[in-house]
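Colleague: Right, I'll just put the structure down here and ask away after.
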Amino acid sequence: MRIHELTKQYDGKTVVDAVSFSIPKGKVISLIGPNGAGKSTVMGMISRLIAHDSGLVEFEGKDIGKWKSKELSKRLAILTQSNNIQMKLTVRELVSFGRFPYSGNRITPEDSAIIDRAIAYMELEAFQDRFIDELSGGQRQRAMIAMVIAQDTEYVLLDEPTNNLDIYHATNMMKIVRRLCDELGKTVILVLHEINYAAFYSDYICAFKNGSVAKFGTVEEVITKENLSDIYQVDFEILNIAGKPLSIYY
Amino acid sequence: MNLTAVRSNRNKLMLLAVLVLLCAAAYLLVEVNLDSPKLFAYAMKIRTPKLIAMLITAFAIGGASLVFQSVINNTIVTPCLLGMNSLYTLIHTAVVFFLGSGSIVATHANLSFAVDVLLMGIAATIIYSWIFQKTNHNVLYVLLVGTVLTSFFGSIQTTLTRVMDPNEYDTLLSTLVASFSNINSEIILLSVVLLGAIVWFLRKDLALLDVLTLGKAQAINLGVDYDRCIRRLLLGVTLCIAVATAMVGPISFLGLIIANLSRQLLKTYRHSQLVLGSALFGMLVLVGGQLIVEHVYTYAVPVSVFITVGGGLYFLYLLLTRKKV
Ligand SMILES: Nc1ncnc2c1ncn2[C@@H]1O[C@H](COP(=O)(O)OP(=O)(O)O)[C@@H](O)[C@H]1O
Ligand SMILES: [Mg+2]
């Protein structure tokens, strides 16, 4: 996937300004940066949820706008930041929607197996028959992620998947991201607030500031004292733990 | 749980269908003189079109309201609350006003209906898609604008009838505002054809309703051509409301009652069941209500009054018991 000079304006205000980068296949790429830097907007534009004003998103050699939405939904899945579902829906039924691009409203036995696996991945077996409006925010978030996993696409886009999750489930979430990439060969693009999760579990990091890409590169290239201090405007120290550059800020 | 829920819902729907059949049979047969074939035939001739008109209306309003709620992702708004039936009445009046009550379009019930429906489709699509865009689907704004539009269309319609000459006004009153005591049964056949065509043309979009209720982002993520689908469904809703209003006149709140009863009874996201439930509840309310009105109150109070009063209270109840709008 290649992103070229992508730009978006809201009410005359440029929120994403000529963003260009290429997404290496089969890797975990994290987008980091302060609130309002334009991360979600970029995620929306590269997944066709938000129309871009100018620039190009090229997916597998073809302009994303030229893809059939249905075809795309079998190759790229996205979980947005806020989800508000009004329907009476159980966790299992929600996860089953991930199979919609393949089987429509009819779930085949193969679909059921994939749904089971997605539920097991997110450790939701105990909740699968509960209604989602009766769950905690974190449990609901995990159900949404299970749905995206059930969609079984080469590209998986997650906007702040660790939001609402406690440390156990957040860390588990990151391990799952790693497994999706290492075991299943998927390309995972995520927005993360926790810099250390990004540093520990990603292959590449794309740091945003004010609608532009401040830095894009491997973890070691991006996670440096100077870069982070510049991007977040606070003081950082970098420690090397388990071979990864982890940061503390104060 | 999944399968048992589906099955128990099927039983509930069966029960509803049986109740509707009982009501329909009672409506046809109560206080009919079975001894004299002539009187019997006469009663059937009066009652059958009325019954069919009510069933069609219930289907149109029940289906349209439920689909509309799912499309705009809110369960307290219905097409009637947004003034769709006032718009239809206005269009009908305007056609008679500008072409004259003697014109072929005005005198021919089916032609008049066809012209109205066509205009309604165009006008409503423009007006409502514009509103949804402008208000960004914010339900409170949509409701507010809808209330304003309802009285706006109503006032224009009243003005038109006032400035018409008295002869025209007479013709108008009898054909214009259909009601349960003045059902427009001439258009039954055309209505059935139209509703059938709507369902057939929208069959693929209707199958997407379950996914649409996950919200715009998720629907697009799952490969739905969201804007096109919403546009087509809204057009279908508009036409259904046009059919119902042409047949029995405006009944506010009916859609709200039956769509929500269906949601409360079935507690599911499956629209195949929800729409059916909504239509069956509609039939039950209309036929059962009319049965009571004709035989208990001997026409003293029209059924639409009951529905409006009951529906108004139910609307308040829904508003006040919801956690958030
Ligand atoms: N629909 C919208 N209308 C107007 N402004 C928006 C809209 N969506 C996002 N923005 C603005 O664009 C900027 C970037 O937002 P976003 O991409 O959500 O940032 P991030 O995800 O990095 O926190 C913010 O200033 C936000 O206020
Ligand atoms: Mg964001």
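Identifiers in this document derive from the order of the structure tokens: chains are assigned A, B, ..., residues are numbered from 1 separately in each chain, and ligands are numbered from 1 in order of occurrence.
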Counting only C-alpha atoms, collect the residues of chain A whose closest atom lies at most 7 Å from chain B, and write them out as a ChimeraX atom specification.

Modeller: /A:49,69-70,72-73,77-78,85,87-89,100-101,129

Colleague: Write a file of the selected residues as a short mmCIF file (atom, residue, chain, number, x, y, z; two decimals), in the first residue's frame, keeping N, CA, C and O atoms.

Modeller:
```
data_model
loop_
_atom_site.label_atom_id
_atom_site.label_comp_id
_atom_site.auth_asym_id
_atom_site.auth_seq_id
_atom_site.Cartn_x
_atom_site.Cartn_y
_atom_site.Cartn_z
N LEU A 49 -13.06 4.97 4.17
CA LEU A 49 -14.17 5.43 5.01
C LEU A 49 -14.35 6.93 4.87
O LEU A 49 -15.44 7.45 4.95
N SER A 69 -16.02 -2.00 -3.49
CA SER A 69 -16.07 -2.00 -2.04
C SER A 69 -16.11 -3.43 -1.50
O SER A 69 -15.45 -3.78 -0.52
N LYS A 70 -16.87 -4.26 -2.14
CA LYS A 70 -17.04 -5.65 -1.71
C LYS A 70 -15.70 -6.42 -1.77
O LYS A 70 -15.36 -7.15 -0.85
N LEU A 72 -12.73 -5.10 -1.71
CA LEU A 72 -11.85 -4.51 -0.71
C LEU A 72 -12.13 -5.08 0.68
O LEU A 72 -11.22 -5.28 1.48
N SER A 73 -13.42 -5.33 0.94
CA SER A 73 -13.79 -5.78 2.29
C SER A 73 -13.27 -7.19 2.57
O SER A 73 -13.30 -7.64 3.71
N ALA A 77 -9.56 -4.73 6.47
CA ALA A 77 -10.58 -4.53 7.49
C ALA A 77 -10.15 -3.40 8.41
O ALA A 77 -8.97 -3.23 8.68
N ILE A 78 -11.12 -2.61 8.85
CA ILE A 78 -10.76 -1.51 9.75
C ILE A 78 -11.69 -1.47 10.96
O ILE A 78 -12.88 -1.73 10.84
N ILE A 85 -23.28 0.95 18.56
CA ILE A 85 -24.24 0.04 17.94
C ILE A 85 -25.51 0.00 18.76
O ILE A 85 -25.48 -0.25 19.96
N MET A 87 -28.25 -1.87 18.09
CA MET A 87 -29.04 -3.09 17.94
C MET A 87 -28.87 -4.03 19.12
O MET A 87 -27.85 -4.03 19.79
N LYS A 88 -29.88 -4.86 19.33
CA LYS A 88 -29.78 -5.97 20.27
C LYS A 88 -28.96 -7.05 19.59
O LYS A 88 -29.43 -7.71 18.67
N LEU A 89 -27.72 -7.21 20.03
CA LEU A 89 -26.80 -8.08 19.31
C LEU A 89 -25.95 -8.82 20.33
O LEU A 89 -25.44 -8.21 21.26
N PHE A 100 -19.61 -11.35 6.72
CA PHE A 100 -20.57 -10.82 5.76
C PHE A 100 -20.02 -10.66 4.34
O PHE A 100 -20.68 -11.02 3.37
N PRO A 101 -18.78 -10.15 4.19
CA PRO A 101 -18.27 -9.99 2.82
C PRO A 101 -18.21 -11.31 2.06
O PRO A 101 -18.28 -11.32 0.84
N ASP A 129 -22.51 -15.31 24.25
CA ASP A 129 -23.95 -15.21 24.10
C ASP A 129 -24.55 -14.02 24.85
O ASP A 129 -25.76 -13.89 24.95
#
```

Colleague: Write out as a ChimeraX atom specification each polymer residue whose atoms come within 10 Å of A:Ile132, counting only C-alpha atoms; drop sequence neighbours fewer than 6 positions from it.

Modeller: /A:85-94,139-141,143-144

Colleague: Mind dumping the selected residues with C-alpha atoms as an mmCIF file, in the first residue's frame?

Modeller:
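That gives us result30.cif:
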```cif
data_model
loop_
_atom_site.group_PDB
_atom_site.id
_atom_site.type_symbol
_atom_site.label_atom_id
_atom_site.label_comp_id
_atom_site.auth_asym_id
_atom_site.auth_seq_id
_atom_site.Cartn_x
_atom_site.Cartn_y
_atom_site.Cartn_z
ATOM 1 C CA ILE A 85 -24.235 0.041 17.936
ATOM 2 C CA GLN A 86 -27.894 0.403 18.830
ATOM 3 C CA MET A 87 -29.038 -3.093 17.941
ATOM 4 C CA LYS A 88 -29.778 -5.966 20.269
ATOM 5 C CA LEU A 89 -26.799 -8.081 19.305
ATOM 6 C CA THR A 90 -24.888 -10.834 21.063
ATOM 7 C CA VAL A 91 -21.103 -10.987 20.936
ATOM 8 C CA ARG A 92 -21.216 -14.017 18.688
ATOM 9 C CA GLU A 93 -23.677 -12.372 16.325
ATOM 10 C CA LEU A 94 -21.454 -9.297 16.155
ATOM 11 C CA GLN A 139 -15.291 -6.305 26.578
ATOM 12 C CA ARG A 140 -17.178 -4.583 23.779
ATOM 13 C CA GLN A 141 -13.911 -3.375 22.300
ATOM 14 C CA ALA A 143 -15.747 -8.137 20.586
ATOM 15 C CA MET A 144 -15.299 -5.520 17.864
#
```

Colleague: Extract, using only C-alpha atoms, all DNA, RNA and protein residues at most 7 Å from A:Val95, discarding same-chain residues fewer than 6 positions from it, and format them as a list in words.

Modeller: Ile115, Ala143, Ala146, Met147 and Ala150 of chain A

Colleague: Emit the selected residues as a tab-separated table (two decimals), in the first residue's frame, including N, CA, C and O atoms.

Modeller:
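Generated file (part06.tsv):
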```tsv
chain	number	residue	atom	x	y	z
A	115	ILE	N	-15.29	-17.98	13.02
A	115	ILE	CA	-15.85	-17.16	14.11
A	115	ILE	C	-15.39	-17.71	15.46
A	115	ILE	O	-14.97	-16.95	16.34
A	143	ALA	N	-14.81	-7.50	21.51
A	143	ALA	CA	-15.75	-8.14	20.59
A	143	ALA	C	-15.62	-7.52	19.19
A	143	ALA	O	-15.64	-8.22	18.18
A	146	ALA	N	-12.60	-8.89	17.61
A	146	ALA	CA	-12.83	-10.27	17.15
A	146	ALA	C	-13.56	-10.27	15.81
A	146	ALA	O	-13.28	-11.07	14.92
A	147	MET	N	-14.48	-9.32	15.63
A	147	MET	CA	-15.19	-9.23	14.37
A	147	MET	C	-14.23	-8.92	13.22
A	147	MET	O	-14.29	-9.53	12.14
A	150	ALA	N	-12.35	-11.94	12.41
A	150	ALA	CA	-13.16	-12.89	11.66
A	150	ALA	C	-13.27	-12.49	10.19
A	150	ALA	O	-13.52	-13.33	9.33
```

Colleague: DSSP on the backbone, then: every residue of stretch 33-191 of chain A marked helix (DSSP H, G or I), written as number ranges by chain.

Modeller: A: 39-46, 64-66, 69-72, 91-103, 109-121, 125-127, 132-134, 137-150, 167-182

Colleague: Keeping only C-alpha atoms, write those residues as a short mmCIF file (atom, residue, chain, number, x, y, z; two decimals), in the first residue's frame.

Modeller:
```cif
data_model
loop_
_atom_site.label_atom_id
_atom_site.label_comp_id
_atom_site.auth_asym_id
_atom_site.auth_seq_id
_atom_site.Cartn_x
_atom_site.Cartn_y
_atom_site.Cartn_z
CA LYS A 39 -3.93 9.74 12.67
CA SER A 40 -7.57 8.66 12.59
CA THR A 41 -8.23 10.77 9.52
CA VAL A 42 -5.36 9.08 7.69
CA MET A 43 -6.64 5.66 8.76
CA GLY A 44 -10.08 6.61 7.47
CA MET A 45 -8.73 7.77 4.13
CA ILE A 46 -6.57 4.73 3.49
CA ILE A 64 -8.39 2.64 -3.59
CA GLY A 65 -11.36 4.50 -5.06
CA LYS A 66 -11.32 2.19 -8.09
CA SER A 69 -16.07 -2.00 -2.04
CA LYS A 70 -17.04 -5.65 -1.71
CA GLU A 71 -13.66 -6.89 -3.01
CA LEU A 72 -11.85 -4.51 -0.71
CA VAL A 91 -21.10 -10.99 20.94
CA ARG A 92 -21.22 -14.02 18.69
CA GLU A 93 -23.68 -12.37 16.32
CA LEU A 94 -21.45 -9.30 16.15
CA VAL A 95 -18.38 -11.37 15.39
CA SER A 96 -20.39 -13.23 12.72
CA PHE A 97 -20.79 -9.96 10.81
CA GLY A 98 -17.10 -10.27 10.01
CA ARG A 99 -18.09 -13.03 7.59
CA PHE A 100 -20.57 -10.82 5.76
CA PRO A 101 -18.27 -9.99 2.82
CA TYR A 102 -17.93 -13.70 2.09
CA SER A 103 -21.28 -15.24 2.91
CA PRO A 109 -19.90 -24.16 8.70
CA GLU A 110 -16.48 -22.82 7.59
CA ASP A 111 -17.58 -19.37 8.72
CA SER A 112 -18.57 -20.79 12.10
CA ALA A 113 -15.12 -22.29 12.53
CA ILE A 114 -13.48 -18.95 11.71
CA ILE A 115 -15.85 -17.16 14.11
CA ASP A 116 -14.99 -19.66 16.85
CA ARG A 117 -11.30 -19.01 16.27
CA ALA A 118 -11.72 -15.23 16.39
CA ILE A 119 -13.68 -15.50 19.63
CA ALA A 120 -11.00 -17.74 21.12
CA TYR A 121 -8.26 -15.31 20.02
CA GLU A 125 -15.82 -17.63 24.88
CA ALA A 126 -17.48 -16.90 28.21
CA PHE A 127 -19.27 -13.84 26.83
CA ILE A 132 -23.07 -6.30 23.65
CA ASP A 133 -24.98 -3.45 25.31
CA GLU A 134 -24.64 -5.36 28.60
CA GLY A 137 -16.42 -0.94 27.30
CA GLY A 138 -13.34 -3.12 27.22
CA GLN A 139 -15.29 -6.31 26.58
CA ARG A 140 -17.18 -4.58 23.78
CA GLN A 141 -13.91 -3.37 22.30
CA ARG A 142 -12.58 -6.93 22.29
CA ALA A 143 -15.75 -8.14 20.59
CA MET A 144 -15.30 -5.52 17.86
CA ILE A 145 -11.71 -6.63 17.36
CA ALA A 146 -12.83 -10.27 17.15
CA MET A 147 -15.19 -9.23 14.37
CA VAL A 148 -12.33 -7.64 12.45
CA ILE A 149 -10.26 -10.79 12.94
CA ALA A 150 -13.16 -12.89 11.66
CA ILE A 167 -3.07 -3.91 31.07
CA TYR A 168 -3.71 -7.64 30.81
CA HIS A 169 -6.01 -7.34 27.83
CA ALA A 170 -4.06 -4.51 26.23
CA THR A 171 -0.84 -6.51 26.36
CA ASN A 172 -2.71 -9.54 25.12
CA MET A 173 -4.08 -7.43 22.30
CA MET A 174 -0.57 -6.46 21.25
CA LYS A 175 0.55 -10.08 21.34
CA ILE A 176 -2.38 -10.98 19.13
CA VAL A 177 -1.35 -8.24 16.70
CA ARG A 178 2.10 -9.80 16.59
CA ARG A 179 0.59 -13.26 15.98
CA LEU A 180 -1.66 -11.95 13.21
CA CYS A 181 1.48 -10.69 11.54
CA ASP A 182 3.95 -13.48 12.31
#
```

Colleague: What residues have any atom no more than 8 Å from ligand 1 when counting only C-alpha atoms and all ligand atoms, and can you list them as a PyMOL selection string?

Modeller: chain A and resi 9-11+14-16+32-43+159+191+208+211

Colleague: Hey, can you spit out that residue selection with all heavy atoms as a compact mmCIF listing (two decimals), in the first residue's frame?

Modeller:
```txt
# COMPACT_ATOMS: atom_id res chain seq x y z
N GLN A 9 -9.02 18.46 4.23
CA GLN A 9 -9.39 19.70 4.91
C GLN A 9 -10.78 19.57 5.49
O GLN A 9 -11.64 18.93 4.91
CB GLN A 9 -9.39 20.86 3.91
CG GLN A 9 -8.04 21.12 3.28
CD GLN A 9 -8.03 22.39 2.46
OE1 GLN A 9 -9.05 22.76 1.88
NE2 GLN A 9 -6.89 23.05 2.41
N TYR A 10 -10.98 20.15 6.67
CA TYR A 10 -12.32 20.29 7.24
C TYR A 10 -12.57 21.78 7.43
O TYR A 10 -11.81 22.46 8.12
CB TYR A 10 -12.43 19.59 8.59
CG TYR A 10 -12.58 18.09 8.49
CD1 TYR A 10 -11.62 17.25 9.02
CD2 TYR A 10 -13.70 17.52 7.88
CE1 TYR A 10 -11.76 15.87 8.95
CE2 TYR A 10 -13.84 16.15 7.80
CZ TYR A 10 -12.88 15.32 8.34
OH TYR A 10 -13.02 13.98 8.26
N ASP A 11 -13.62 22.28 6.83
CA ASP A 11 -13.98 23.70 6.95
C ASP A 11 -12.77 24.59 6.67
O ASP A 11 -12.49 25.53 7.43
CB ASP A 11 -14.52 24.03 8.35
CG ASP A 11 -15.57 23.03 8.79
OD1 ASP A 11 -16.41 22.67 7.95
OD2 ASP A 11 -15.53 22.60 9.96
N THR A 14 -6.67 22.60 7.17
CA THR A 14 -5.99 21.40 6.71
C THR A 14 -5.64 20.52 7.91
O THR A 14 -4.88 20.93 8.77
CB THR A 14 -4.71 21.77 5.95
OG1 THR A 14 -5.07 22.69 4.92
CG2 THR A 14 -4.08 20.55 5.32
N VAL A 15 -6.23 19.33 7.97
CA VAL A 15 -5.96 18.46 9.13
C VAL A 15 -4.98 17.35 8.75
O VAL A 15 -4.33 16.77 9.62
CB VAL A 15 -7.25 17.86 9.73
CG1 VAL A 15 -8.15 18.95 10.25
CG2 VAL A 15 -7.99 17.01 8.72
N VAL A 16 -4.90 17.03 7.47
CA VAL A 16 -3.87 16.11 7.00
C VAL A 16 -3.22 16.78 5.80
O VAL A 16 -3.89 17.19 4.86
CB VAL A 16 -4.46 14.74 6.58
CG1 VAL A 16 -3.39 13.87 5.95
CG2 VAL A 16 -5.06 14.04 7.79
N ILE A 32 1.78 6.89 15.66
CA ILE A 32 1.73 7.55 16.96
C ILE A 32 1.71 9.06 16.75
O ILE A 32 1.90 9.54 15.64
CB ILE A 32 2.93 7.16 17.87
CG1 ILE A 32 4.24 7.55 17.20
CG2 ILE A 32 2.91 5.67 18.17
CD1 ILE A 32 5.44 7.45 18.13
N GLY A 33 1.46 9.78 17.82
CA GLY A 33 1.43 11.23 17.73
C GLY A 33 0.39 11.81 18.65
O GLY A 33 -0.48 11.09 19.16
N PRO A 34 0.46 13.10 18.92
CA PRO A 34 -0.47 13.74 19.85
C PRO A 34 -1.91 13.68 19.35
O PRO A 34 -2.15 13.41 18.17
CB PRO A 34 -0.01 15.20 19.90
CG PRO A 34 1.27 15.26 19.16
CD PRO A 34 1.42 14.05 18.34
N ASN A 35 -2.87 13.96 20.24
CA ASN A 35 -4.28 14.05 19.85
C ASN A 35 -4.45 15.07 18.76
O ASN A 35 -3.84 16.13 18.79
CB ASN A 35 -5.13 14.50 21.05
CG ASN A 35 -5.20 13.43 22.11
OD1 ASN A 35 -5.14 12.26 21.80
ND2 ASN A 35 -5.30 13.86 23.35
N GLY A 36 -5.30 14.76 17.82
CA GLY A 36 -5.61 15.73 16.77
C GLY A 36 -4.55 15.85 15.70
O GLY A 36 -4.62 16.72 14.84
N ALA A 37 -3.56 14.95 15.73
CA ALA A 37 -2.48 15.03 14.75
C ALA A 37 -2.93 14.55 13.37
O ALA A 37 -2.25 14.77 12.38
CB ALA A 37 -1.28 14.24 15.22
N GLY A 38 -4.08 13.88 13.32
CA GLY A 38 -4.59 13.43 12.03
C GLY A 38 -4.46 11.94 11.79
O GLY A 38 -4.70 11.46 10.68
N LYS A 39 -4.13 11.17 12.83
CA LYS A 39 -3.93 9.74 12.67
C LYS A 39 -5.23 9.04 12.22
O LYS A 39 -5.23 8.28 11.25
CB LYS A 39 -3.44 9.11 13.99
CG LYS A 39 -2.20 9.78 14.56
CD LYS A 39 -1.80 9.20 15.89
CE LYS A 39 -2.81 9.37 17.01
NZ LYS A 39 -2.99 10.74 17.51
N SER A 40 -6.31 9.32 12.93
CA SER A 40 -7.57 8.66 12.59
C SER A 40 -8.03 9.06 11.19
O SER A 40 -8.58 8.23 10.45
CB SER A 40 -8.66 9.04 13.59
OG SER A 40 -8.33 8.57 14.86
N THR A 41 -7.81 10.31 10.84
CA THR A 41 -8.23 10.77 9.52
C THR A 41 -7.45 10.03 8.43
O THR A 41 -8.02 9.62 7.42
CB THR A 41 -8.03 12.29 9.40
OG1 THR A 41 -8.60 12.92 10.55
CG2 THR A 41 -8.69 12.84 8.16
N VAL A 42 -6.16 9.83 8.66
CA VAL A 42 -5.36 9.08 7.69
C VAL A 42 -5.85 7.64 7.61
O VAL A 42 -6.04 7.09 6.51
CB VAL A 42 -3.85 9.13 8.07
CG1 VAL A 42 -3.07 8.10 7.27
CG2 VAL A 42 -3.30 10.51 7.83
N MET A 43 -6.11 7.03 8.76
CA MET A 43 -6.64 5.66 8.76
C MET A 43 -7.95 5.59 7.97
O MET A 43 -8.17 4.65 7.21
CB MET A 43 -6.91 5.19 10.19
CG MET A 43 -5.69 4.95 11.02
SD MET A 43 -4.88 3.41 10.60
CE MET A 43 -5.59 2.32 11.82
N ASP A 159 -7.81 1.34 14.95
CA ASP A 159 -7.62 2.67 15.51
C ASP A 159 -7.75 2.59 17.03
O ASP A 159 -8.83 2.39 17.56
CB ASP A 159 -8.64 3.64 14.92
CG ASP A 159 -8.23 5.10 15.13
OD1 ASP A 159 -7.36 5.35 16.00
OD2 ASP A 159 -8.77 5.97 14.44
N VAL A 191 -3.20 2.53 15.31
CA VAL A 191 -2.95 3.78 15.99
C VAL A 191 -2.78 3.44 17.46
O VAL A 191 -3.60 2.71 18.02
CB VAL A 191 -4.13 4.76 15.83
CG1 VAL A 191 -3.90 6.02 16.65
CG2 VAL A 191 -4.33 5.12 14.36
N PHE A 208 3.14 11.15 13.73
CA PHE A 208 2.44 12.30 13.15
C PHE A 208 2.56 13.51 14.07
O PHE A 208 2.58 13.39 15.29
CB PHE A 208 0.95 11.98 12.99
CG PHE A 208 0.64 11.16 11.78
CD1 PHE A 208 0.84 9.80 11.80
CD2 PHE A 208 0.17 11.75 10.63
CE1 PHE A 208 0.57 9.03 10.69
CE2 PHE A 208 -0.10 10.99 9.51
CZ PHE A 208 0.10 9.63 9.53
N GLY A 211 -0.79 17.02 11.46
CA GLY A 211 -1.27 16.63 10.13
C GLY A 211 -0.19 16.19 9.15
O GLY A 211 -0.49 15.90 8.00
```

Colleague: Taking the chain letters and numbering used in this document, name the residues of stretch 45-212 of chain A that DSSP puts in strand (DSSP E), as number ranges by chain.

Modeller: A: 54-59, 62-63, 76-79, 155-159, 187-191, 204-209, 212

Colleague: Restricted to N, CA and C atoms, what would the selected residues look like written as a JSON list (two decimals), in the first residue's frame?

Modeller:
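The resulting file, part23.json, is reproduced below:
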```
[["chain", "number", "residue", "atom", "x", "y", "z"],
["A", 54, "SER", "N", -7.13, 15.52, -1.84],
["A", 54, "SER", "CA", -6.20, 15.32, -2.94],
["A", 54, "SER", "C", -5.17, 14.30, -2.51],
["A", 55, "GLY", "N", -4.39, 13.83, -3.47],
["A", 55, "GLY", "CA", -3.43, 12.78, -3.18],
["A", 55, "GLY", "C", -3.93, 11.45, -3.69],
["A", 56, "LEU", "N", -3.20, 10.42, -3.31],
["A", 56, "LEU", "CA", -3.51, 9.10, -3.87],
["A", 56, "LEU", "C", -3.29, 8.02, -2.80],
["A", 57, "VAL", "N", -4.22, 7.09, -2.72],
["A", 57, "VAL", "CA", -4.00, 5.89, -1.92],
["A", 57, "VAL", "C", -3.98, 4.73, -2.89],
["A", 58, "GLU", "N", -2.84, 4.08, -2.97],
["A", 58, "GLU", "CA", -2.72, 2.99, -3.92],
["A", 58, "GLU", "C", -2.70, 1.68, -3.14],
["A", 59, "PHE", "N", -3.67, 0.82, -3.42],
["A", 59, "PHE", "CA", -3.75, -0.45, -2.71],
["A", 59, "PHE", "C", -3.53, -1.57, -3.71],
["A", 62, "LYS", "N", -3.49, -0.39, -7.24],
["A", 62, "LYS", "CA", -4.69, 0.22, -7.83],
["A", 62, "LYS", "C", -5.23, 1.28, -6.89],
["A", 63, "ASP", "N", -5.68, 2.39, -7.44],
["A", 63, "ASP", "CA", -6.28, 3.47, -6.65],
["A", 63, "ASP", "C", -7.42, 2.90, -5.79],
["A", 76, "LEU", "N", -9.16, -5.93, 3.24],
["A", 76, "LEU", "CA", -8.77, -4.89, 4.19],
["A", 76, "LEU", "C", -9.90, -4.68, 5.19],
["A", 77, "ALA", "N", -9.56, -4.73, 6.47],
["A", 77, "ALA", "CA", -10.58, -4.53, 7.49],
["A", 77, "ALA", "C", -10.15, -3.40, 8.41],
["A", 78, "ILE", "N", -11.12, -2.61, 8.85],
["A", 78, "ILE", "CA", -10.76, -1.51, 9.75],
["A", 78, "ILE", "C", -11.69, -1.47, 10.96],
["A", 79, "LEU", "N", -11.10, -1.17, 12.10],
["A", 79, "LEU", "CA", -11.91, -0.90, 13.28],
["A", 79, "LEU", "C", -11.70, 0.57, 13.62],
["A", 155, "TYR", "N", -4.93, -7.14, 5.18],
["A", 155, "TYR", "CA", -4.62, -5.89, 5.87],
["A", 155, "TYR", "C", -5.61, -5.68, 7.00],
["A", 156, "VAL", "N", -5.10, -5.37, 8.19],
["A", 156, "VAL", "CA", -5.96, -5.11, 9.34],
["A", 156, "VAL", "C", -5.61, -3.74, 9.89],
["A", 157, "LEU", "N", -6.58, -2.85, 9.96],
["A", 157, "LEU", "CA", -6.35, -1.49, 10.46],
["A", 157, "LEU", "C", -7.11, -1.33, 11.78],
["A", 158, "LEU", "N", -6.40, -0.96, 12.84],
["A", 158, "LEU", "CA", -7.05, -0.82, 14.14],
["A", 158, "LEU", "C", -6.76, 0.57, 14.71],
["A", 159, "ASP", "N", -7.81, 1.34, 14.95],
["A", 159, "ASP", "CA", -7.62, 2.67, 15.51],
["A", 159, "ASP", "C", -7.75, 2.59, 17.03],
["A", 187, "THR", "N", -0.73, -7.80, 7.35],
["A", 187, "THR", "CA", -0.16, -6.48, 7.56],
["A", 187, "THR", "C", -1.08, -5.76, 8.54],
["A", 188, "VAL", "N", -0.54, -5.35, 9.67],
["A", 188, "VAL", "CA", -1.39, -4.70, 10.68],
["A", 188, "VAL", "C", -0.95, -3.24, 10.83],
["A", 189, "ILE", "N", -1.90, -2.33, 10.70],
["A", 189, "ILE", "CA", -1.61, -0.91, 10.88],
["A", 189, "ILE", "C", -2.43, -0.45, 12.07],
["A", 190, "LEU", "N", -1.77, 0.08, 13.09],
["A", 190, "LEU", "CA", -2.54, 0.51, 14.24],
["A", 190, "LEU", "C", -2.20, 1.92, 14.69],
["A", 191, "VAL", "N", -3.20, 2.53, 15.31],
["A", 191, "VAL", "CA", -2.95, 3.78, 15.99],
["A", 191, "VAL", "C", -2.78, 3.44, 17.46],
["A", 204, "TYR", "N", 7.55, -1.06, 12.25],
["A", 204, "TYR", "CA", 7.76, 0.31, 11.79],
["A", 204, "TYR", "C", 6.88, 1.25, 12.59],
["A", 205, "ILE", "N", 7.34, 2.49, 12.68],
["A", 205, "ILE", "CA", 6.54, 3.49, 13.37],
["A", 205, "ILE", "C", 6.43, 4.72, 12.48],
["A", 206, "CYS", "N", 5.19, 5.24, 12.43],
["A", 206, "CYS", "CA", 4.99, 6.47, 11.69],
["A", 206, "CYS", "C", 4.49, 7.50, 12.70],
["A", 207, "ALA", "N", 5.28, 8.54, 12.92],
["A", 207, "ALA", "CA", 4.92, 9.53, 13.93],
["A", 207, "ALA", "C", 4.32, 10.76, 13.24],
["A", 208, "PHE", "N", 3.14, 11.15, 13.73],
["A", 208, "PHE", "CA", 2.44, 12.30, 13.15],
["A", 208, "PHE", "C", 2.56, 13.51, 14.07],
["A", 209, "LYS", "N", 2.60, 14.66, 13.42],
["A", 209, "LYS", "CA", 2.52, 15.90, 14.18],
["A", 209, "LYS", "C", 1.84, 16.94, 13.30],
["A", 212, "SER", "N", 1.06, 16.18, 9.60],
["A", 212, "SER", "CA", 2.12, 15.72, 8.70],
["A", 212, "SER", "C", 2.88, 14.57, 9.35]]
```

Colleague: Could you work out how far atom CA of B:Val117 lies from atom CA of B:Val248, giving the answer in Å with one decimal?

Modeller: 14.8 Å

Colleague: Fewer than 6 positions away in the same chain doesn't count, so skip those; otherwise give me all residues within 7 Å of stretch 12-23 of chain B, counting only C-alpha atoms, as a PyMOL selection string.

Modeller: chain B and resi 277+280+283-284+287-288
